[in-house]
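run.txt, holding compact mmCIF, C-alpha atoms:
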# COMPACT_ATOMS: atom_id res chain seq x y z
CA MET A 197 -22.22 33.04 -40.27
CA LYS A 198 -19.01 35.03 -39.81
CA ARG A 199 -15.89 33.86 -41.64
CA ALA A 200 -12.88 32.59 -39.68
CA VAL A 201 -9.39 31.55 -40.76
CA LEU A 202 -6.92 29.13 -39.16
CA ALA A 203 -3.29 29.67 -40.14
CA LEU A 204 -0.39 27.41 -39.14
CA ALA A 205 3.25 28.41 -38.82
CA ASP A 206 4.24 26.16 -41.73
CA GLY A 207 2.00 28.18 -44.09
CA THR A 208 -1.02 25.87 -44.15
CA THR A 209 -4.38 27.67 -43.90
CA PHE A 210 -8.02 26.64 -43.44
CA GLU A 211 -11.13 28.75 -43.95
CA GLY A 212 -14.30 28.10 -41.98
CA ARG A 213 -16.97 29.71 -39.81
CA ALA A 214 -16.52 31.58 -36.57
CA LEU A 215 -17.35 29.67 -33.38
CA GLY A 216 -17.54 31.33 -29.99
CA ALA A 217 -16.03 34.78 -29.46
CA SER A 218 -14.96 37.09 -32.26
CA GLY A 219 -11.36 38.22 -32.48
CA GLU A 220 -8.01 36.51 -32.77
CA THR A 221 -6.12 33.92 -30.75
CA VAL A 222 -2.62 32.45 -30.93
CA GLY A 223 -1.54 29.08 -29.53
CA GLU A 224 -0.04 25.67 -30.18
CA VAL A 225 -2.41 23.69 -32.41
CA VAL A 226 -2.95 20.18 -31.01
CA PHE A 227 -5.63 17.52 -31.44
CA ASN A 228 -7.70 15.41 -29.06
CA THR A 229 -9.32 12.14 -30.16
CA SER A 230 -12.04 12.00 -27.46
CA MET A 231 -15.59 11.59 -28.78
CA THR A 232 -17.01 13.86 -26.07
CA GLY A 233 -15.95 15.64 -22.88
CA TYR A 234 -15.05 18.88 -24.63
CA GLN A 235 -15.94 20.98 -21.58
CA GLU A 236 -13.63 18.98 -19.31
CA ILE A 237 -10.93 19.31 -21.98
CA LEU A 238 -11.33 23.08 -22.36
CA THR A 239 -11.18 23.61 -18.56
CA ASP A 240 -8.14 21.37 -18.01
CA PRO A 241 -5.28 23.74 -17.04
CA SER A 242 -2.88 21.52 -19.00
CA TYR A 243 -4.26 23.16 -22.16
CA VAL A 244 -2.96 26.64 -21.29
CA GLY A 245 -1.60 28.25 -24.46
CA GLN A 246 -3.09 25.61 -26.77
CA ILE A 247 -5.72 25.58 -29.51
CA VAL A 248 -7.57 22.26 -29.29
CA THR A 249 -8.72 20.44 -32.41
CA MET A 250 -11.44 17.89 -31.64
CA ALA A 251 -10.88 14.97 -34.01
CA TYR A 252 -14.40 13.60 -33.60
CA PRO A 253 -16.59 15.47 -36.13
CA GLU A 254 -19.64 16.40 -34.02
CA MET A 255 -19.25 18.57 -30.91
CA GLY A 256 -21.61 20.61 -28.77
CA ASN A 257 -24.50 18.15 -28.71
CA VAL A 258 -24.55 17.95 -24.89
CA GLY A 259 -24.11 21.69 -24.30
CA ALA A 260 -22.28 22.98 -21.23
CA ASN A 261 -22.95 23.05 -17.50
CA PRO A 262 -21.09 23.98 -14.28
CA GLY A 263 -20.82 20.37 -13.09
CA ASP A 264 -18.45 19.35 -15.89
CA GLN A 265 -15.83 22.02 -15.15
CA GLU A 266 -12.35 20.76 -14.24
CA SER A 267 -11.39 24.25 -13.05
CA VAL A 268 -13.10 27.61 -12.66
CA LYS A 269 -12.69 28.61 -16.33
CA PRO A 270 -11.46 27.36 -19.72
CA HIS A 271 -7.68 27.37 -20.13
CA ALA A 272 -7.42 26.40 -23.79
CA VAL A 273 -7.03 29.54 -25.90
CA GLY A 274 -8.96 28.30 -28.92
CA MET A 275 -11.14 25.48 -30.28
CA ILE A 276 -11.42 23.81 -33.68
CA VAL A 277 -14.34 21.52 -34.63
CA ARG A 278 -15.86 20.08 -37.79
CA ASN A 279 -19.48 20.69 -36.75
CA SER A 280 -20.87 22.45 -33.70
CA SER A 281 -24.42 21.50 -32.74
CA GLU A 282 -26.79 24.42 -32.38
CA GLN A 283 -28.97 22.32 -30.07
CA ALA A 284 -27.91 20.93 -26.71
CA SER A 285 -29.74 17.65 -26.08
CA ASN A 286 -28.89 17.03 -22.43
CA TRP A 287 -31.01 17.58 -19.33
CA ARG A 288 -27.95 18.90 -17.48
CA SER A 289 -27.12 21.51 -20.11
CA GLN A 290 -27.47 25.20 -19.30
CA GLU A 291 -26.10 26.68 -22.53
CA THR A 292 -24.79 25.72 -25.96
CA LEU A 293 -21.11 25.27 -26.71
CA ASP A 294 -21.13 28.44 -28.85
CA VAL A 295 -22.64 30.53 -26.04
CA TYR A 296 -20.22 28.99 -23.53
CA LEU A 297 -17.21 29.91 -25.69
CA LYS A 298 -18.53 33.44 -26.26
CA ARG A 299 -19.09 33.95 -22.52
CA HIS A 300 -15.50 33.00 -21.78
CA GLY A 301 -13.98 34.91 -24.71
CA ILE A 302 -12.68 31.79 -26.46
CA VAL A 303 -12.19 32.19 -30.22
CA GLY A 304 -12.96 29.10 -32.29
CA ILE A 305 -13.52 27.89 -35.82
CA GLU A 306 -15.87 25.27 -37.28
CA GLY A 307 -16.64 23.93 -40.73
CA ILE A 308 -13.08 22.99 -41.65
CA ASP A 309 -11.79 19.54 -42.61
CA THR A 310 -10.54 18.45 -39.17
CA ARG A 311 -9.53 15.05 -40.57
CA ARG A 312 -7.10 16.82 -42.90
CA LEU A 313 -5.85 19.03 -40.06
CA VAL A 314 -5.26 16.10 -37.68
CA ARG A 315 -3.38 14.17 -40.36
CA HIS A 316 -1.30 17.29 -41.05
CA VAL A 317 -0.37 17.70 -37.38
CA ARG A 318 0.47 13.99 -37.11
CA THR A 319 2.75 14.27 -40.12
CA HIS A 320 4.37 17.64 -39.47
CA GLY A 321 4.00 17.92 -35.69
CA ALA A 322 2.14 20.23 -33.34
CA GLN A 323 2.92 23.85 -34.18
CA MET A 324 1.89 27.38 -33.45
CA GLY A 325 -1.23 28.68 -35.14
CA VAL A 326 -3.70 31.57 -35.27
CA ILE A 327 -7.49 31.59 -35.45
CA SER A 328 -8.91 34.92 -36.59
CA THR A 329 -12.37 36.26 -37.37
CA GLU A 330 -10.86 39.62 -38.33
CA ASP A 331 -10.34 40.83 -41.88
CA HIS A 332 -6.68 39.85 -42.15
CA SER A 333 -5.00 38.08 -45.04
CA PRO A 334 -4.04 34.42 -44.50
CA ALA A 335 -0.42 35.36 -45.26
CA ALA A 336 -0.40 37.90 -42.42
CA LEU A 337 -1.85 35.32 -40.02
CA VAL A 338 0.80 32.75 -41.03
CA GLU A 339 3.49 35.32 -40.25
CA ARG A 340 1.98 35.95 -36.84
CA ALA A 341 1.94 32.21 -36.13
CA ARG A 342 5.62 31.98 -37.11
CA GLU A 343 6.51 34.76 -34.70
CA ALA A 344 4.74 33.12 -31.74
CA ARG A 345 6.87 31.33 -29.14
CA GLY A 346 6.48 27.56 -28.83
CA MET A 347 6.02 25.45 -25.68
CA GLU A 348 9.61 24.36 -25.10
CA GLY A 349 11.24 26.23 -22.23
CA LEU A 350 7.96 27.70 -20.95
CA ASP A 351 7.09 27.43 -17.26
CA LEU A 352 3.31 27.59 -17.55
CA ALA A 353 2.63 25.54 -14.43
CA THR A 354 3.69 28.26 -12.01
CA GLY A 355 1.33 30.70 -13.71
CA VAL A 356 -1.78 28.52 -13.33
CA SER A 357 -0.96 27.18 -9.86
CA THR A 358 -2.95 28.35 -6.86
CA GLN A 359 -1.41 31.34 -5.11
CA GLU A 360 -2.67 30.32 -1.67
CA SER A 361 -2.91 26.94 0.05
CA TYR A 362 -6.39 25.53 0.67
CA LEU A 363 -8.02 22.41 2.12
CA PHE A 364 -10.14 20.09 -0.06
CA THR A 365 -12.41 17.44 1.48
CA THR A 366 -15.26 17.07 -1.04
CA PRO A 367 -15.84 13.55 -2.44
CA SER A 368 -16.98 12.88 -6.01
CA PRO A 369 -20.48 14.26 -6.63
CA ASN A 370 -23.44 12.12 -7.65
CA LEU A 371 -24.03 13.85 -10.97
CA LEU A 372 -26.42 11.32 -12.45
CA GLY A 373 -28.62 10.57 -9.45
CA GLU A 374 -26.76 7.46 -8.27
CA VAL A 375 -27.48 5.92 -4.88
CA PRO A 376 -25.72 8.21 -2.37
CA ARG A 377 -22.41 6.83 -1.16
CA PRO A 378 -21.40 6.99 2.50
CA ALA A 379 -19.00 9.82 3.30
CA PRO A 380 -15.40 8.53 3.15
CA GLU A 381 -13.39 8.28 6.35
CA LEU A 382 -10.53 10.77 5.89
CA ARG A 383 -7.62 8.76 7.29
CA PHE A 384 -4.76 10.37 5.38
CA ASP A 385 -3.38 13.89 5.24
CA VAL A 386 -2.06 14.51 1.73
CA VAL A 387 -0.29 17.56 0.35
CA ALA A 388 -1.02 18.13 -3.35
CA TYR A 389 1.34 20.25 -5.44
CA ASP A 390 -0.77 22.29 -7.84
CA TYR A 391 1.00 22.49 -11.20
CA GLY A 392 -2.37 22.97 -12.92
CA LEU A 393 -4.49 20.26 -11.36
CA LYS A 394 -7.93 19.07 -12.38
CA ARG A 395 -10.71 19.14 -9.79
CA SER A 396 -11.63 15.49 -10.35
CA MET A 397 -8.19 14.40 -9.11
CA LEU A 398 -8.97 15.97 -5.74
CA HIS A 399 -12.39 14.30 -5.63
CA PHE A 400 -10.84 10.86 -6.19
CA LEU A 401 -8.19 11.43 -3.54
CA VAL A 402 -10.94 12.27 -1.06
CA ASP A 403 -12.89 9.19 -2.18
CA VAL A 404 -10.02 6.94 -1.01
CA GLY A 405 -9.79 8.67 2.37
CA CYS A 406 -7.53 11.67 1.82
CA ARG A 407 -7.83 15.08 3.42
CA VAL A 408 -6.04 17.15 0.78
CA LYS A 409 -4.10 20.35 1.35
CA VAL A 410 -3.39 21.96 -2.04
CA VAL A 411 -0.23 24.08 -2.13
CA PRO A 412 1.37 26.39 -4.73
CA ALA A 413 3.85 24.90 -7.18
CA GLY A 414 6.78 26.70 -5.55
CA THR A 415 6.21 25.44 -2.00
CA THR A 416 9.45 24.13 -0.46
CA ALA A 417 10.00 20.54 0.62
CA GLU A 418 10.76 21.74 4.16
CA ALA A 419 7.41 23.55 4.43
CA VAL A 420 5.53 20.47 3.21
CA LEU A 421 7.36 18.02 5.47
CA ALA A 422 6.63 20.30 8.43
CA GLU A 423 2.95 19.46 7.85
CA LYS A 424 3.80 15.79 8.59
CA PRO A 425 1.66 14.48 5.69
CA HIS A 426 0.99 10.82 5.06
CA GLY A 427 1.63 11.34 1.35
CA ILE A 428 2.52 13.78 -1.43
CA PHE A 429 0.56 14.14 -4.67
CA LEU A 430 2.17 15.72 -7.75
CA ALA A 431 -0.56 17.00 -10.09
CA ASN A 432 -0.81 17.48 -13.83
CA GLY A 433 -0.13 20.79 -15.53
CA PRO A 434 0.88 22.60 -18.74
CA GLY A 435 4.15 23.45 -20.45
CA ASP A 436 7.69 22.15 -20.34
CA PRO A 437 8.38 20.10 -17.16
CA ALA A 438 12.07 21.01 -17.23
CA ALA A 439 11.13 24.71 -17.06
CA VAL A 440 9.05 24.52 -13.84
CA LYS A 441 11.22 26.55 -11.48
CA GLY A 442 12.89 24.41 -8.81
CA ALA A 443 10.25 21.65 -8.97
CA ASP A 444 12.75 18.84 -9.55
CA LYS A 445 14.85 19.87 -6.53
CA VAL A 446 11.77 20.17 -4.32
CA VAL A 447 10.55 16.68 -5.26
CA ALA A 448 14.06 15.26 -4.81
CA GLY A 449 13.91 16.59 -1.25
CA LEU A 450 10.66 14.70 -0.64
CA LEU A 451 11.60 11.31 -2.09
CA GLY A 452 12.17 8.60 0.47
CA LYS A 453 10.60 10.59 3.28
CA VAL A 454 6.91 10.07 2.45
CA PRO A 455 4.92 8.18 -0.24
CA VAL A 456 4.65 10.10 -3.53
CA PHE A 457 2.12 9.74 -6.37
CA GLY A 458 2.52 11.75 -9.58
CA ILE A 459 0.26 12.20 -12.61
CA CYS A 460 1.20 13.64 -16.03
CA LEU A 461 3.39 16.71 -15.37
CA GLY A 462 3.88 15.37 -11.85
CA HIS A 463 5.18 12.13 -13.39
CA GLN A 464 7.63 14.07 -15.54
CA ILE A 465 8.84 16.18 -12.60
CA LEU A 466 9.37 13.00 -10.58
CA ALA A 467 11.61 11.70 -13.38
CA LEU A 468 13.55 14.97 -13.41
CA ALA A 469 13.96 14.74 -9.62
CA LEU A 470 15.70 11.38 -10.15
CA GLY A 471 18.11 12.95 -12.62
CA GLY A 472 16.17 11.88 -15.70
CA ARG A 473 15.33 13.88 -18.82
CA THR A 474 12.16 14.84 -20.69
CA TYR A 475 11.65 15.74 -24.34
CA LYS A 476 9.06 17.40 -26.57
CA MET A 477 6.98 14.89 -28.52
CA LYS A 478 6.12 15.36 -32.18
CA PHE A 479 2.38 15.73 -31.60
CA GLY A 480 1.78 14.36 -28.09
CA HIS A 481 -0.98 12.14 -26.74
CA ARG A 482 -4.41 13.71 -26.24
CA GLY A 483 -7.55 11.62 -26.10
CA ALA A 484 -9.57 9.05 -24.18
CA ASN A 485 -8.49 5.92 -26.03
CA GLN A 486 -4.73 5.47 -25.54
CA PRO A 487 -3.68 1.83 -24.86
CA VAL A 488 -1.20 1.43 -22.00
CA LYS A 489 0.39 -1.84 -20.85
CA ASP A 490 1.13 -2.45 -17.18
CA LEU A 491 4.48 -4.29 -17.38
CA THR A 492 3.99 -5.78 -13.90
CA THR A 493 0.64 -7.48 -14.54
CA GLY A 494 0.63 -7.65 -18.34
CA LYS A 495 -2.80 -6.02 -18.38
CA VAL A 496 -3.72 -3.35 -20.94
CA GLU A 497 -5.65 -0.26 -19.87
CA ILE A 498 -7.47 2.14 -22.17
CA THR A 499 -6.52 5.53 -20.82
CA SER A 500 -7.22 9.24 -21.03
CA GLN A 501 -4.17 11.35 -21.87
CA ASN A 502 -3.08 14.92 -22.42
CA HIS A 503 0.62 15.64 -22.74
CA GLY A 504 3.11 16.99 -25.24
CA PHE A 505 6.30 15.99 -23.37
CA ALA A 506 7.53 12.55 -22.32
CA VAL A 507 10.18 10.94 -20.11
CA ASP A 508 13.34 9.63 -21.79
CA ASP A 509 13.41 5.98 -20.73
CA ALA A 510 17.20 5.65 -21.00
CA SER A 511 17.67 8.61 -18.63
CA VAL A 512 15.89 6.88 -15.72
CA LYS A 513 17.55 3.48 -16.15
CA GLY A 514 18.88 2.30 -12.80
CA LYS A 515 17.00 5.09 -11.00
CA ALA A 516 13.40 3.93 -11.48
CA VAL A 517 11.50 1.01 -12.95
CA VAL A 518 9.47 1.73 -16.07
CA SER A 519 6.12 0.25 -15.01
CA HIS A 520 3.88 1.17 -17.96
CA ILE A 521 4.40 1.79 -21.68
CA ASN A 522 2.23 3.20 -24.45
CA LEU A 523 1.37 0.46 -26.93
CA ASN A 524 1.09 2.90 -29.85
CA ASP A 525 4.64 4.25 -29.70
CA GLY A 526 6.44 2.59 -26.78
CA THR A 527 6.86 5.77 -24.76
CA VAL A 528 7.11 5.72 -20.96
CA GLU A 529 3.69 5.80 -19.28
CA GLY A 530 4.62 4.96 -15.69
CA LEU A 531 7.48 4.84 -13.20
CA SER A 532 7.96 3.01 -9.92
CA ILE A 533 10.58 3.70 -7.24
CA PRO A 534 9.85 1.02 -4.61
CA ASP A 535 12.66 2.00 -2.24
CA ALA A 536 11.28 5.55 -2.08
CA ARG A 537 7.62 4.43 -1.92
CA ALA A 538 6.91 6.51 -5.02
CA PHE A 539 5.16 5.88 -8.33
CA SER A 540 3.76 7.92 -11.20
CA VAL A 541 1.82 7.64 -14.45
CA GLN A 542 1.90 9.77 -17.57
CA TYR A 543 -1.79 9.23 -18.28
CA HIS A 544 -4.87 10.45 -16.37
CA PRO A 545 -6.40 7.82 -14.07
CA GLU A 546 -9.14 10.27 -13.05
CA ALA A 547 -10.16 10.38 -16.75
CA SER A 548 -12.77 13.19 -17.02
CA PRO A 549 -13.37 12.57 -19.84
CA GLY A 550 -12.44 8.97 -20.48
CA PRO A 551 -12.56 5.36 -19.36
CA HIS A 552 -12.25 4.31 -15.71
CA ASP A 553 -9.70 1.53 -16.21
CA ALA A 554 -6.98 3.20 -14.14
CA ARG A 555 -8.86 4.63 -11.17
CA TYR A 556 -7.43 1.85 -8.99
CA LEU A 557 -4.22 3.90 -8.83
CA PHE A 558 -5.79 6.21 -6.24
CA SER A 559 -6.46 3.18 -4.04
CA ARG A 560 -2.86 2.04 -4.62
CA PHE A 561 -1.67 5.37 -3.25
CA ALA A 562 -3.91 4.96 -0.19
CA LYS A 563 -2.54 1.46 0.44
CA LEU A 564 1.00 2.77 0.15
CA MET A 565 0.26 5.40 2.79
CA ALA A 566 -1.33 2.74 5.00
CA GLY A 567 1.81 0.65 4.77
CA GLU A 568 0.12 -2.21 2.95

Encoding of this model in structure tokens:
Amino acid sequence: MKRAVLALADGTTFEGRALGASGETVGEVVFNTSMTGYQEILTDPSYVGQIVTMAYPEMGNVGANPGDQESVKPHAVGMIVRNSSEQASNWRSQETLDVYLKRHGIVGIEGIDTRRLVRHVRTHGAQMGVISTEDHSPAALVERAREARGMEGLDLATGVSTQESYLFTTPSPNLLGEVPRPAPELRFDVVAYDYGLKRSMLHFLVDVGCRVKVVPAGTTAEAVLAEKPHGIFLANGPGDPAAVKGADKVVAGLLGKVPVFGICLGHQILALALGGRTYKMKFGHRGANQPVKDLTTGKVEITSQNHGFAVDDASVKGKAVVSHINLNDGTVEGLSIPDARAFSVQYHPEASPGPHDARYLFSRFAKLMAGE
């Protein structure tokens, strides 16, 4: 097995075995606590520019298949695992994780102490790193990691957004042979801003009766309102929300005119549109087991999350109601602006991977558009 080295910008290094493609990759080293769903994670556009550490020790046991893609290709630039299974025990699998990574040119590393790495990132924060299978000294790789630019100030959403508008009307597929569901009645015309959206979000919008027109991140408010939509959806995406060119002004021009629902980066952009602020978190929230409290009902949801920035709660005081908080650290997980018929959540109600506790939010959006 070929040797691989992971080097962090603070000088910490790990030696392991090569996984996936040979070569070298540079990105922000983060960790995800999900037990499975690695293919959905790798293909989530929110991971652009990031090297994903899977905290759970065994990965690859279900292989890879086209049905679990959240976009057309992986967007994470690297992968770190403790053990990668050489066998894929899943009837849906078409290839192993290693073959999948090789096919997409993703450099990875396995055989390192991921528990130590996750604890290190939690203590010292997410930071730039390098994975290399080349014959370079660890010191040289550390220097390269130090020279790499971090996430703050980067508009990555515009780069991964669709370049052309398109219509989406496909409901969620029956992947596991469930009883076929009746085709949903498409009562609502929704415009979805693509900041790096996941395919499953579109499926769930269709499931609740939405005919979705996906538009590029830079589309003006005037162009969208000319479509006379019943609602606006602000998708997830990568990078610094404050750096997404003109997004806050566009969303400010939509508020109060039509119902708005935002997820993850869309939630952060909604806060910026209100005059709020966002900040870079120490190590972010990434996983399928984050507890979130709904302050309206008092109920706790176990949620899927993937974000490295958060909304400053003090900055939105008097402009929006904080509707949800993270029970681990108290950070803002949801906003509500009743007068503008708008709401947003920091977490991922579509999950993929993750629990289904929060899928009701898509129905809430539909009810808002129906005037209920």

**Message:** I'd like the neighbourhood of A:His520 as a PyMOL selection string, where a residue qualifies if any of its atoms comes within 8 Å (using all atoms listed in the file), though same-chain residues fewer than 2 positions away should be ignored.
**Reply:** chain A and resi 488-491+518+522+528-531+541

**Request:** Choose the residue, out of A:Ser333, A:Ser242, A:Ser511, A:Ser280, that has the smallest atom-to-atom separation from A:Met347; count all atoms listed in the file.
**Result:**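 Going through A:Ser333, A:Ser242, A:Ser511, A:Ser280 one by one, the smallest distance to A:Met347 is for A:Ser242.
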
**Message:** Using only C-alpha atoms, which protein or nucleic acid residues come within 8 Å of A:Val303? Drop anything in the same chain fewer than 5 positions from it, and give the result as a list in words.
**Reply:** Ala214, Leu215, Gly216, Ala217, Ser218, Gly219, Glu220, Thr221, Val273, Gly274, Met275, Leu297, Lys298, Ile327 and Ser328 of chain A

**Item:** Between atom CA of A:Ala205 and atom CA of A:Gly233, distance in Å (one decimal)
**Value:**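 So the answer is 28.0 Å.
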
**Message:** I'd like the interatomic distance between atom CA of A:Thr499 and atom CA of A:Thr229, to a tenth of an Å.
**Reply:**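 We find that atom CA of A:Thr499 and atom CA of A:Thr229 lie 11.8 Å from each other.
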
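Of note, atom CA of A:Ala388 and atom CA of A:Val408 are spaced 6.6 Å apart.
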
**Prompt:** Using only C-alpha atoms, which of the listed residues (A:Val517, A:Ala419, A:Ala336, A:Val244) sits closest to A:Gly433?
**Reply:**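 Among the listed residues, the smallest separation from A:Gly433 belongs to A:Val244.
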
**Request:** Excluding A:Arg315 and any residue of its chain fewer than 4 positions from it, enumerate the residues within 12 Å of it, using all atoms listed in the file, and give them as number ranges by chain.
**Result:** A: 226-227, 229, 249, 251, 309-311, 319-322, 479

**Item:** Among listed residues A:Gln542, A:Gln323, A:Ser267, A:Ser285, nearest A:Val225 (using only C-alpha atoms)
**Value:**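 With only C-alpha atoms as the atom set, the closest residue is A:Gln323.
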
**Among listed residues A:Ala422, A:Leu352, A:Leu470, A:Met565, nearest A:Lys513 (using all atoms listed in the file)** =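 Looking at the shortest contact to A:Lys513, the residue is A:Leu470.
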
**For A:Thr493, the nearest of the candidates A:Gly259, A:Ser230, A:Glu330, A:Ser519, counting all atoms listed in the file** =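 Result for the nearest residue to A:Thr493: A:Ser519.
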
**Item:** Sphere at (4.4, 26.8, -5.6), radius 8 Å, counting all atoms listed in the file: residues as JSON, numbers by chain
**Value:** {"A": [354, 357, 358, 359, 389, 390, 391, 411, 412, 413, 414, 415, 416]}

**Asked** Between A:Thr492, A:Ser396, A:Ser532, A:Thr292, which one has atoms that come closest to A:Leu451, using all atoms listed in the file?
**Response** A:Ser532

**Message:** Neighbouring residues of A:Arg288 were defined as those with any atom within 9 Å, considering only C-alpha atoms; residues of the same chain fewer than 4 positions away were excluded. Please report them as a VMD selection string.
**Reply:** chain A and resid 258 to 261 263

Selection to disk with C-alpha atoms, as a compact mmCIF listing (two decimals), in the coordinates of the input:
# COMPACT_ATOMS: atom_id res chain seq x y z
CA VAL A 258 -24.55 17.95 -24.89
CA GLY A 259 -24.11 21.69 -24.30
CA ALA A 260 -22.28 22.98 -21.23
CA ASN A 261 -22.95 23.05 -17.50
CA GLY A 263 -20.82 20.37 -13.09

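Contact shell of A:Ile428 at 9 Å (only C-alpha atoms; same-chain neighbours under 4 positions omitted): Asp385, Val386, Val387, Ala388, Tyr389, Val420, Leu450, Val454, Pro455, Val456, Phe457 and Gly458 of chain A.
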
Once N, CA and C atoms are restored for stretch 541-559 of chain A, what would the output be as a CSV table (one decimal), keeping the file's coordinate frame?
chain,number,residue,atom,x,y,z
A,541,VAL,N,2.3,8.0,-13.1
A,541,VAL,CA,1.8,7.6,-14.4
A,541,VAL,C,1.7,8.9,-15.3
A,542,GLN,N,2.0,8.7,-16.6
A,542,GLN,CA,1.9,9.8,-17.6
A,542,GLN,C,0.5,10.1,-18.0
A,543,TYR,N,-0.4,9.1,-17.9
A,543,TYR,CA,-1.8,9.2,-18.3
A,543,TYR,C,-2.6,9.7,-17.1
A,544,HIS,N,-4.0,9.9,-17.4
A,544,HIS,CA,-4.9,10.4,-16.4
A,544,HIS,C,-5.8,9.4,-15.8
A,545,PRO,N,-5.5,8.8,-14.6
A,545,PRO,CA,-6.4,7.8,-14.1
A,545,PRO,C,-7.8,8.4,-13.6
A,546,GLU,N,-7.8,9.7,-13.4
A,546,GLU,CA,-9.1,10.3,-13.0
A,546,GLU,C,-10.0,10.4,-14.3
A,547,ALA,N,-9.4,10.2,-15.5
A,547,ALA,CA,-10.2,10.4,-16.8
A,547,ALA,C,-10.8,11.8,-16.9
A,548,SER,N,-12.1,11.9,-16.9
A,548,SER,CA,-12.8,13.2,-17.0
A,548,SER,C,-12.3,14.0,-18.2
A,549,PRO,N,-12.6,13.7,-19.4
A,549,PRO,CA,-13.4,12.6,-19.8
A,549,PRO,C,-12.5,11.3,-20.1
A,550,GLY,N,-13.2,10.2,-20.1
A,550,GLY,CA,-12.4,9.0,-20.5
A,550,GLY,C,-12.9,7.8,-19.7
A,551,PRO,N,-12.2,6.6,-20.0
A,551,PRO,CA,-12.6,5.4,-19.4
A,551,PRO,C,-12.0,5.3,-17.9
A,552,HIS,N,-12.6,4.4,-17.1
A,552,HIS,CA,-12.2,4.3,-15.7
A,552,HIS,C,-11.3,3.2,-15.4
A,553,ASP,N,-10.6,2.7,-16.4
A,553,ASP,CA,-9.7,1.5,-16.2
A,553,ASP,C,-8.6,1.7,-15.1
A,554,ALA,N,-8.1,3.0,-15.0
A,554,ALA,CA,-7.0,3.2,-14.1
A,554,ALA,C,-7.3,3.9,-12.8
A,555,ARG,N,-8.6,4.0,-12.4
A,555,ARG,CA,-8.9,4.6,-11.2
A,555,ARG,C,-8.3,3.9,-9.9
A,556,TYR,N,-8.0,2.6,-10.1
A,556,TYR,CA,-7.4,1.8,-9.0
A,556,TYR,C,-6.1,2.5,-8.5
A,557,LEU,N,-5.5,3.3,-9.2
A,557,LEU,CA,-4.2,3.9,-8.8
A,557,LEU,C,-4.4,4.8,-7.6
A,558,PHE,N,-5.5,5.4,-7.4
A,558,PHE,CA,-5.8,6.2,-6.2
A,558,PHE,C,-5.8,5.3,-5.0
A,559,SER,N,-6.4,4.1,-5.1
A,559,SER,CA,-6.5,3.2,-4.0
A,559,SER,C,-5.1,2.6,-3.8
